[in-house]
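Q: Handing you a structure now.
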Amino acid sequence: MGILSSIQYVFGCIISLVFILQTAHGNELLPFSLTEDSLPLIIPVNDQEIGEKEGEDIDVDEEEEDEAAKKHAAHAEDIPHFPPIGPLPPPTIPADNPMTAAKVELGRKLFFDPRLSGNNWISCATCHNPALGFADGLPRFRGGPAAKEGGRHSPTIINCVYNKLQFWDGRAPSLEAQALGPVQNPDEMFETLDNVVRKLSRIPDYSNEFKKVFGTGVTADGIAKAIAAFERTIIYANSPFDRYMQGDVNAMNESAKRGMDLFLDKAECIICHNDFTDNKFHNLGVPAEGPIKEDLGRYIVTKEESDKGAFKTPTLRNITETAPYMHDGFFPTLFEVVQFYNVGGGRSENKSPHIHPLHLTPEEVSDLIEFMKALTGELVQIKYEAVPVIYPNLPENF
Ligand code: HEC
Ligand code: HEC
């Protein structure tokens with residue numbers, strides 16, 4: 001380790017230490033100010049400037065440049081205005097569910113508690129397992145009493161606080177609205193809310209904690225609020241990309257830097273993955289696999305023809321942690337995903353006009369993947385336990 005990087009390392013440790021102390025003693029759990037008016041802070045990106053800062057000297061074939069310019073002029077009308085990518089902004093917290101340390105801790109317990117399911121075996125963490133990037137590593141989820149395969153891939157809940165809508169089809173408007181869905185879904189946790197409330201009320205720790213946090217006994221509304229508050233702490237930040245954007249020009253390697261240029265320009269990923277997700281819905285023609293022969297996606301919610309087969313753009317942050325990819329887990333690796341884009345996506349009458357062959361060279365494909373790798377950050381805080389499989393010594397008829 002060179003002297004400079006040692007200094008950086010020590011400095012980094014001091015910052016983390018200050019951060020841990022703050023979170024351990026403060027009432028609030030996050031280092032951001034969590035008020036409604038803490039508007040997301042998006043740092044504009046000017047790739048030109050970044051290129052200059054690095055002193056990069058890229059040889060560009062003039063003919064190629066002309067062709068690229070022509071192609072972009074032709075696309076210019078198609079390409080909507082999009083916000084730039086930048087370091088992670090502070091999250092927005094709804095005014096009616098403020099974060100407190102006690103609420104987050106209660107939510108954490110509930111998230112890992114299999115007693116929220118019909119057979120006391122399945123917790124939220126079964127499918128959103130911290131050891132598997134808060135997903136389950138399967139192409140499509142398995143749940144219900146017989147662990148039957150479902151139609152969709154379990155998305156990660158890392159950084160889900162930044163989603164404007166939840167689920168692949170965006171049918172839940174908030175984390176609070178989402179949280180009770182899996183509990184009651186016959187293919188997931190197959191339990192009734194009344195029964196969960198009854199079961200948890202019999203556990204003195206829960207009764208006491210609900211009293212402390214909400215001033216009531218165990219309620220379904222309190223369960224949803226506490227779980228949502230916990231989920232809002234699952235933030236991975238400080239990725240090489242974040243550090244690069246904050247001025248550490250060595251945080252990303254050369255291949256990732258070239259990948260970033262491709263992402264913003266030739267490969268056009270930025271059109272939909274601006275700030276890594278535009279929170280909108282698009283049809284890429286991803287082939288159907290699994291029990292659902294034709295998943296209509298966003299159409300199920302809006303009944304708009306144009307939404308047929310359209311799914312929410314997933315964030316690309318921490319994407320290396322959450323293979324396989326797409327709403328039905330069709331692609332096992334990032335390489336296959338990029339190849340899919342490179343050939344112009346799949347077949348669908350309703351395919352997005354922004355999906356077309358990209359003509360990326362094999363080197364460009366690997367640069368793009370290297371850039372996506374640089375989007376993997378670190379869990380900012382929260383502790384979590386190993387996923388419990390079953391709670392021993394449950395009372396009879398629990
Ligand atoms: C049996 C597997 C399973 C269990 C258990 C489960 N989930 Fe999920 N979760 C999924 C799947 C699959 C989806 C995507 C479903 C869809 O889009 O239709 C999902 C989606 C989500 C999302 C939306 C993420 C996004 O990016 O849109 C959140 C948040 C979430 N789950 C939280 C929870 C919570 C909280 C629990 C426990 C109360 C839970 N899940 C239990 C499989 C599961
Ligand atoms: C037209 C909008 C659009 C463009 C352009 C686009 N994406 Fe996507 N991306 C999406 C949507 C929508 C999905 C989810 C599709 C699905 O599941 O059917 C997705 C999924 C992904 C996934 C899988 C994410 C996961 O969690 O499963 C990766 C990786 C990805 N895109 C990378 C890229 C890269 C790299 C580019 C540029 C070459 C790109 N995307 C261009 C909209 C887009």
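Following the order of the structure tokens, chains are lettered A, B, ..., residues in each are numbered from 1, and ligands are numbered from 1.
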Each residue of chain A lying at most 6 Å from ligand 1 should get a row with its shortest atom-to-atom pair and the distance in Å to one decimal, counting only C-alpha atoms and all ligand atoms; could you produce that, ordered by chain and increasing number, as JSON lines?
A:
{"residue": "A:Phe111", "atom": "CA", "partner": "ligand 1", "partner_atom_place_in_ligand_line": "37 (C)", "distance": 5.8}
{"residue": "A:Ile122", "atom": "CA", "partner": "ligand 1", "partner_atom_place_in_ligand_line": "5 (C)", "distance": 5.8}
{"residue": "A:Ser123", "atom": "CA", "partner": "ligand 1", "partner_atom_place_in_ligand_line": "5 (C)", "distance": 5.4}
{"residue": "A:Cys124", "atom": "CA", "partner": "ligand 1", "partner_atom_place_in_ligand_line": "37 (C)", "distance": 3.4}
{"residue": "A:Thr126", "atom": "CA", "partner": "ligand 1", "partner_atom_place_in_ligand_line": "5 (C)", "distance": 5.7}
{"residue": "A:Cys127", "atom": "CA", "partner": "ligand 1", "partner_atom_place_in_ligand_line": "2 (C)", "distance": 4.4}
{"residue": "A:Phe141", "atom": "CA", "partner": "ligand 1", "partner_atom_place_in_ligand_line": "12 (C)", "distance": 5.1}
{"residue": "A:Arg142", "atom": "CA", "partner": "ligand 1", "partner_atom_place_in_ligand_line": "1 (C)", "distance": 5.2}
{"residue": "A:Gly143", "atom": "CA", "partner": "ligand 1", "partner_atom_place_in_ligand_line": "1 (C)", "distance": 3.8}
{"residue": "A:Arg152", "atom": "CA", "partner": "ligand 1", "partner_atom_place_in_ligand_line": "12 (C)", "distance": 5.1}
{"residue": "A:His153", "atom": "CA", "partner": "ligand 1", "partner_atom_place_in_ligand_line": "12 (C)", "distance": 5.0}
{"residue": "A:Ser154", "atom": "CA", "partner": "ligand 1", "partner_atom_place_in_ligand_line": "12 (C)", "distance": 3.8}
{"residue": "A:Pro155", "atom": "CA", "partner": "ligand 1", "partner_atom_place_in_ligand_line": "26 (O)", "distance": 5.3}
{"residue": "A:Ile157", "atom": "CA", "partner": "ligand 1", "partner_atom_place_in_ligand_line": "24 (C)", "distance": 5.3}
{"residue": "A:Cys160", "atom": "CA", "partner": "ligand 1", "partner_atom_place_in_ligand_line": "26 (O)", "distance": 5.7}
{"residue": "A:Gln166", "atom": "CA", "partner": "ligand 1", "partner_atom_place_in_ligand_line": "27 (O)", "distance": 3.6}
{"residue": "A:Phe167", "atom": "CA", "partner": "ligand 1", "partner_atom_place_in_ligand_line": "27 (O)", "distance": 3.2}
{"residue": "A:Trp168", "atom": "CA", "partner": "ligand 1", "partner_atom_place_in_ligand_line": "17 (O)", "distance": 3.7}
{"residue": "A:Asp169", "atom": "CA", "partner": "ligand 1", "partner_atom_place_in_ligand_line": "17 (O)", "distance": 5.8}
{"residue": "A:Leu175", "atom": "CA", "partner": "ligand 1", "partner_atom_place_in_ligand_line": "29 (C)", "distance": 5.7}
{"residue": "A:Ala179", "atom": "CA", "partner": "ligand 1", "partner_atom_place_in_ligand_line": "35 (C)", "distance": 4.4}
{"residue": "A:Leu180", "atom": "CA", "partner": "ligand 1", "partner_atom_place_in_ligand_line": "38 (C)", "distance": 5.8}
{"residue": "A:Pro182", "atom": "CA", "partner": "ligand 1", "partner_atom_place_in_ligand_line": "41 (C)", "distance": 4.9}
{"residue": "A:Val183", "atom": "CA", "partner": "ligand 1", "partner_atom_place_in_ligand_line": "38 (C)", "distance": 5.4}
{"residue": "A:Glu188", "atom": "CA", "partner": "ligand 1", "partner_atom_place_in_ligand_line": "1 (C)", "distance": 4.0}
{"residue": "A:Met189", "atom": "CA", "partner": "ligand 1", "partner_atom_place_in_ligand_line": "5 (C)", "distance": 5.5}
{"residue": "A:Ile227", "atom": "CA", "partner": "ligand 1", "partner_atom_place_in_ligand_line": "35 (C)", "distance": 6.0}
Q: If we count only C-alpha atoms and set the cut-off at 12 Å, which residues sit around A:Phe263, ignoring sequence neighbours fewer than 4 positions away in its own chain? Please answer as an NGL selection string.
A: :A and (47 or 84-85 or 256-259 or 267-276 or 316 or 338 or 341 or 358 or 360 or 364-372)
Q: Would you please work out which residue, of A:Asp295, A:Glu105, A:Asp194, A:Glu363, is nearest to ligand 2 when using only C-alpha atoms and all ligand atoms?
A: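 Among the listed residues, A:Asp295 lies closest to ligand 2.
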Q: So which bits of stretch 72-170 of chain A end up helix (DSSP H, G or I) when you DSSP the backbone, as a count of residues only?
A: 29
Q: Within 7 Å of A:Leu379, counting only C-alpha atoms, which residues show up once you throw out same-chain ones fewer than 2 positions away? Write them as a short mmCIF file (atom, residue, chain, number, x, y, z; two decimals) with N, CA and C atoms, in the first residue's frame, please.
A:
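Final output, saved to around_39.cif:
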data_model
loop_
_atom_site.label_atom_id
_atom_site.label_comp_id
_atom_site.auth_asym_id
_atom_site.auth_seq_id
_atom_site.Cartn_x
_atom_site.Cartn_y
_atom_site.Cartn_z
N ILE A 234 -31.82 0.04 4.42
CA ILE A 234 -30.98 -0.89 3.65
C ILE A 234 -30.41 -0.13 2.45
N ILE A 235 -29.47 0.72 2.75
CA ILE A 235 -28.89 1.58 1.73
C ILE A 235 -27.43 1.19 1.51
N TYR A 236 -27.12 0.89 0.27
CA TYR A 236 -25.72 0.63 -0.09
C TYR A 236 -25.21 1.87 -0.81
N ALA A 237 -24.16 2.44 -0.29
CA ALA A 237 -23.62 3.66 -0.90
C ALA A 237 -22.11 3.52 -0.99
N GLY A 377 -21.87 -0.91 -3.89
CA GLY A 377 -21.41 -0.15 -2.72
C GLY A 377 -21.36 -1.00 -1.47
N GLN A 381 -25.20 1.04 7.02
CA GLN A 381 -25.30 0.70 8.44
C GLN A 381 -26.32 -0.42 8.61
#
Q: To one decimal in Å, tell me the separation between atom CA of A:Val104 and atom CA of A:Phe230.
A: 4.5 Å
Q: Please extract the residues of stretch 284-323 of chain A with a backbone DSSP assignment of strand (DSSP E or B) and present them as a PyMOL selection string.
A: chain A and resi 297+310-312
Q: Using only C-alpha atoms, which residue out of A:Arg171, A:Lys308, A:Lys103, A:Lys212 lies closest to A:Glu294?
A: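 Using only C-alpha atoms, the shortest distance to A:Glu294 belongs to A:Lys308.
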Q: Can you tell me, as JSON, numbers by chain, what residues are no more than 6 Å from A:Arg298 when counting only C-alpha atoms, ignoring any on the same chain fewer than 5 positions away?
A: {"A": [169, 307, 310, 311]}
Q: Nearest residue to A:Leu284 out of A:Glu349, A:Asp96, A:Asp261, A:Asp187, using only C-alpha atoms?
A: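 Closest to A:Leu284 of all the choices is A:Glu349.
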Q: Find the residues around A:Glu176 up to 12 Å (only C-alpha atoms counted), leave out those fewer than 3 positions away in its own chain, and share them as a PyMOL selection string.
A: chain A and resi 93-94+96-97+107+160-161+165-166+172-173+179-182+220-232
Q: With C-alpha atoms kept, could you save the residues just selected as a PDB file, in the first residue's frame?
A:
ATOM      1  CA  ILE A  93     -38.913   9.726   4.254  1.00  0.00           C
ATOM      2  CA  PRO A  94     -42.722  10.083   4.346  1.00  0.00           C
ATOM      3  CA  ASP A  96     -46.471  10.016   8.359  1.00  0.00           C
ATOM      4  CA  ASN A  97     -43.844   7.373   9.148  1.00  0.00           C
ATOM      5  CA  GLY A 107     -39.023  -3.579  11.656  1.00  0.00           C
ATOM      6  CA  CYS A 160     -35.770   0.317  -2.429  1.00  0.00           C
ATOM      7  CA  VAL A 161     -36.269   3.568  -0.509  1.00  0.00           C
ATOM      8  CA  LEU A 165     -43.295   2.551  -7.090  1.00  0.00           C
ATOM      9  CA  GLN A 166     -42.743  -0.971  -5.784  1.00  0.00           C
ATOM     10  CA  ALA A 172     -47.638  -0.706  -4.809  1.00  0.00           C
ATOM     11  CA  PRO A 173     -47.263   3.041  -4.295  1.00  0.00           C
ATOM     12  CA  ALA A 179     -45.222  -4.751   3.170  1.00  0.00           C
ATOM     13  CA  LEU A 180     -48.458  -6.605   3.954  1.00  0.00           C
ATOM     14  CA  GLY A 181     -48.856  -7.994   0.421  1.00  0.00           C
ATOM     15  CA  PRO A 182     -46.396 -10.918   0.697  1.00  0.00           C
ATOM     16  CA  ALA A 220     -51.204  -4.645  10.882  1.00  0.00           C
ATOM     17  CA  ASP A 221     -50.633  -0.949  10.221  1.00  0.00           C
ATOM     18  CA  GLY A 222     -47.782  -0.895  12.753  1.00  0.00           C
ATOM     19  CA  ILE A 223     -46.216  -4.013  11.181  1.00  0.00           C
ATOM     20  CA  ALA A 224     -46.224  -2.325   7.756  1.00  0.00           C
ATOM     21  CA  LYS A 225     -44.804   0.932   9.091  1.00  0.00           C
ATOM     22  CA  ALA A 226     -42.022  -0.727  11.093  1.00  0.00           C
ATOM     23  CA  ILE A 227     -40.969  -2.986   8.206  1.00  0.00           C
ATOM     24  CA  ALA A 228     -40.973  -0.018   5.819  1.00  0.00           C
ATOM     25  CA  ALA A 229     -38.825   2.007   8.236  1.00  0.00           C
ATOM     26  CA  PHE A 230     -36.337  -0.873   8.434  1.00  0.00           C
ATOM     27  CA  GLU A 231     -36.264  -1.247   4.648  1.00  0.00           C
ATOM     28  CA  ARG A 232     -35.404   2.441   4.336  1.00  0.00           C
TER      29      ARG A 232
END
Q: To one decimal place, how far is atom 9 (N, counted along the ligand's line) of ligand 2 from atom CA of A:Thr313 in Å?
A: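 Result for atom 9 (N, counted along the ligand's line) of ligand 2 versus atom CA of A:Thr313: 4.8 Å, one decimal.
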Q: Using only C-alpha atoms, which residue out of A:Asn250, A:Asn163, A:Thr216, A:Ser117 lies closest to A:Val196?
A: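 Result for the nearest residue to A:Val196: A:Ser117.
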